[in-house]
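Q: What follows is a structure written as structure tokens; I'll ask about it next.
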Amino acid sequence: RKEVEQDPGPFNVPEGATVAFNCTYSNSASQSFFWYRQDCRKEPKLLMSVYSSGNEDGRFTAQLNRASQYISLLIRDSKLSDSATYLCVVPPRWRAGGTSYGKLTFGQGTILTVHP
Amino acid sequence: DAGITQSPRHKVTETGTPVTLRCHQTENHRYMYWYRQDPGHGLRLIHYSYGVKDTDKGEVSDGYSVSRSKTEDFLLTLESATSSQTSVYFCAISVQGQPNEKLFFGSGTQLSVL
């Protein structure tokens with residue numbers, strides 16, 4: 001299994017739709033996960049963090065399934081402005097002392113297009 | 001906005017020439033990173049720094065070197081640019097004082113090596 005794997009899409013949905021993306025990871029020791037959003041020709045920006053079973057922020061819900069080693073991002077009531085690439089991010093294994101620095105692994109991203 | 005600026009924003013250079021990209025931050029963050037982004041590969045870590053003069057290699061460090069002589073500046077150097085180094089380069093910092101927590105990225109540098 002790849003370290004981080006995402007369905008590249010593209011997902012093409014109408015405004016108002018609910019859409020979900022999954023991201024699978026191979027490092028079972030990872031403690032926290034992130035979703036980033038990247039607009040075309042722009043830098044990635046942090047969308048959500050996932051530290052336990054899940055996290056909700058308005059129309060966005062991120063969930064973590066440790067048993068199956070995947071995280072998901074659910075977007076409800078899609079807006080045109082949600083069109084972007086969504087990157088799943090998995091930090092490295094936590095080291096002794098509680099710090100984890102080094103290689104973050106980014107998924108290749110899932111492209112979402114929301115149309116009128 | 002975490003006060004990160006990258007320069008230059010765009011660079012076209014020829015194979016074999018040296019190139020230095022600069023990342024500047026204004027908020028005294030300890031951890032800084034250089035990534036490259038290519039179609040089909042996503043974002044890949046080149047080098048990172050956890051303090052002045054403390055740097056380490058990422059997964060694609062061959063052909064790159066870095067320096068951090070001041071907290072605010074993290075320089076990425078391609079000693080002899082090759083066409084395979086054509087890419088978009090992003091600098092990032094870790095906020096909240098912990099490595100790999102909540103990265104903030106600069107706007108990127110589009111580098112073309114002809």
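Every chain in the structure tokens takes a letter, A first, then B, and so on in the order presented; its residues are numbered from 1, and the ligands are numbered from 1 following the presented order.
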From a backbone DSSP assignment, name each residue in chain B labelled strand (DSSP E or B), as number ranges by chain.
A: B: 4-7, 10-13, 19-25, 32-38, 42-51, 54-57, 64-70, 73-78, 87-94, 103-105, 109-113
Q: Return as JSON lines the residues of chain B lying at most 10 Å from chain A, together with the closest atom-to-atom pair for each and the distance in Å to one decimal, counting only C-alpha atoms, with rows in chain order and ascending residue number.
A:
```
{"residue": "B:Tyr31", "atom": "CA", "partner": "A:Tyr101", "partner_atom": "CA", "distance": 9.0}
{"residue": "B:Tyr33", "atom": "CA", "partner": "A:Gly102", "partner_atom": "CA", "distance": 9.4}
{"residue": "B:Gln37", "atom": "CA", "partner": "A:Gln108", "partner_atom": "CA", "distance": 9.5}
{"residue": "B:Asp38", "atom": "CA", "partner": "A:Gln108", "partner_atom": "CA", "distance": 9.4}
{"residue": "B:Pro39", "atom": "CA", "partner": "A:Gln108", "partner_atom": "CA", "distance": 8.3}
{"residue": "B:Gly40", "atom": "CA", "partner": "A:Gln108", "partner_atom": "CA", "distance": 6.8}
{"residue": "B:His41", "atom": "CA", "partner": "A:Gln108", "partner_atom": "CA", "distance": 6.2}
{"residue": "B:Gly42", "atom": "CA", "partner": "A:Gln108", "partner_atom": "CA", "distance": 4.4}
{"residue": "B:Leu43", "atom": "CA", "partner": "A:Phe106", "partner_atom": "CA", "distance": 5.9}
{"residue": "B:Arg44", "atom": "CA", "partner": "A:Phe106", "partner_atom": "CA", "distance": 7.3}
{"residue": "B:Leu45", "atom": "CA", "partner": "A:Lys103", "partner_atom": "CA", "distance": 6.5}
{"residue": "B:Ile46", "atom": "CA", "partner": "A:Lys103", "partner_atom": "CA", "distance": 9.2}
{"residue": "B:His47", "atom": "CA", "partner": "A:Gly102", "partner_atom": "CA", "distance": 9.0}
{"residue": "B:Tyr48", "atom": "CA", "partner": "A:Gly102", "partner_atom": "CA", "distance": 7.4}
{"residue": "B:Ser49", "atom": "CA", "partner": "A:Gly102", "partner_atom": "CA", "distance": 9.2}
{"residue": "B:Tyr50", "atom": "CA", "partner": "A:Tyr101", "partner_atom": "CA", "distance": 8.6}
{"residue": "B:Asp56", "atom": "CA", "partner": "A:Gly102", "partner_atom": "CA", "distance": 8.2}
{"residue": "B:Lys57", "atom": "CA", "partner": "A:Gly102", "partner_atom": "CA", "distance": 8.5}
{"residue": "B:Gly58", "atom": "CA", "partner": "A:Lys103", "partner_atom": "CA", "distance": 6.2}
{"residue": "B:Glu59", "atom": "CA", "partner": "A:Lys103", "partner_atom": "CA", "distance": 7.3}
{"residue": "B:Val88", "atom": "CA", "partner": "A:Arg41", "partner_atom": "CA", "distance": 9.2}
{"residue": "B:Tyr89", "atom": "CA", "partner": "A:Glu43", "partner_atom": "CA", "distance": 9.7}
{"residue": "B:Phe90", "atom": "CA", "partner": "A:Glu43", "partner_atom": "CA", "distance": 7.4}
{"residue": "B:Cys91", "atom": "CA", "partner": "A:Glu43", "partner_atom": "CA", "distance": 9.5}
{"residue": "B:Ala92", "atom": "CA", "partner": "A:Glu43", "partner_atom": "CA", "distance": 9.7}
{"residue": "B:Gln98", "atom": "CA", "partner": "A:Thr99", "partner_atom": "CA", "distance": 7.3}
{"residue": "B:Pro99", "atom": "CA", "partner": "A:Tyr101", "partner_atom": "CA", "distance": 5.1}
{"residue": "B:Asn100", "atom": "CA", "partner": "A:Tyr101", "partner_atom": "CA", "distance": 6.0}
{"residue": "B:Glu101", "atom": "CA", "partner": "A:Pro91", "partner_atom": "CA", "distance": 8.6}
{"residue": "B:Lys102", "atom": "CA", "partner": "A:Leu46", "partner_atom": "CA", "distance": 6.7}
{"residue": "B:Leu103", "atom": "CA", "partner": "A:Leu46", "partner_atom": "CA", "distance": 7.2}
{"residue": "B:Phe104", "atom": "CA", "partner": "A:Lys45", "partner_atom": "CA", "distance": 6.7}
{"residue": "B:Phe105", "atom": "CA", "partner": "A:Glu43", "partner_atom": "CA", "distance": 6.1}
{"residue": "B:Gly106", "atom": "CA", "partner": "A:Glu43", "partner_atom": "CA", "distance": 6.6}
{"residue": "B:Ser107", "atom": "CA", "partner": "A:Glu43", "partner_atom": "CA", "distance": 5.3}
{"residue": "B:Gly108", "atom": "CA", "partner": "A:Glu43", "partner_atom": "CA", "distance": 6.5}
{"residue": "B:Gln110", "atom": "CA", "partner": "A:Arg41", "partner_atom": "CA", "distance": 9.6}
```
Q: So which residues touch Leu76 (chain B) within 6 Å, counting only C-alpha atoms, skipping near sequence neighbours fewer than 2 positions away, as a ChimeraX atom specification?
A: /B:20-21,65-66
Q: Considering only C-alpha atoms, can you say which of B:Gly3, B:His10, B:Arg22, B:Leu78 comes closest to Asp62 (chain B)?
A: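 So, comparing all the options, the nearest one is B:Leu78.
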Q: Hey, can you check how far CA of Trp35 (chain A) sits from CA of Glu27 (chain B)?
A: 23.9 Å
Q: Suppose you want the space between CA of Tyr51 (chain A) and CA of Cys23 (chain A); what is it in Å?
A: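 Spanning CA of Tyr51 (chain A) to CA of Cys23 (chain A) is a straight-line distance of 14.9 Å.
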Q: CA of Gln63 (chain A) and CA of Val50 (chain A) are how many Å apart?
A: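 Computing the Euclidean distance for CA of Gln63 (chain A) and CA of Val50 (chain A) yields 7.0 Å.
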Q: May I have the residues within 7 Å of Ser78 (chain A) as a PyMOL selection string, using only C-alpha atoms and disregarding those fewer than 3 positions away in the same chain?
A: chain A and resi 15-18+75+82+114
Q: Include N, CA, C and O atoms and write out the residues we just selected as a short mmCIF file (atom, residue, chain, number, x, y, z; two decimals), in the first residue's frame.
A:
```cif
data_model
loop_
_atom_site.label_atom_id
_atom_site.label_comp_id
_atom_site.auth_asym_id
_atom_site.auth_seq_id
_atom_site.Cartn_x
_atom_site.Cartn_y
_atom_site.Cartn_z
N GLU A 15 -23.94 22.43 -7.64
CA GLU A 15 -24.09 23.20 -6.41
C GLU A 15 -25.14 22.56 -5.52
O GLU A 15 -26.16 22.07 -5.99
N GLY A 16 -24.87 22.56 -4.23
CA GLY A 16 -25.82 22.02 -3.27
C GLY A 16 -25.64 20.54 -2.99
O GLY A 16 -26.23 20.00 -2.04
N ALA A 17 -24.83 19.89 -3.78
CA ALA A 17 -24.64 18.45 -3.60
C ALA A 17 -23.75 18.17 -2.38
O ALA A 17 -23.03 19.04 -1.90
N THR A 18 -23.83 16.93 -1.92
CA THR A 18 -22.92 16.45 -0.88
C THR A 18 -21.89 15.54 -1.56
O THR A 18 -22.25 14.69 -2.37
N ILE A 75 -18.20 17.14 2.26
CA ILE A 75 -18.61 18.53 2.03
C ILE A 75 -20.10 18.52 1.74
O ILE A 75 -20.55 17.88 0.78
N ASP A 82 -16.06 25.98 -3.62
CA ASP A 82 -15.40 24.78 -3.08
C ASP A 82 -14.54 24.10 -4.14
O ASP A 82 -13.78 23.17 -3.82
N VAL A 114 -17.25 22.08 -8.72
CA VAL A 114 -18.66 22.30 -8.43
C VAL A 114 -19.21 23.20 -9.53
O VAL A 114 -18.68 24.29 -9.77
#
```
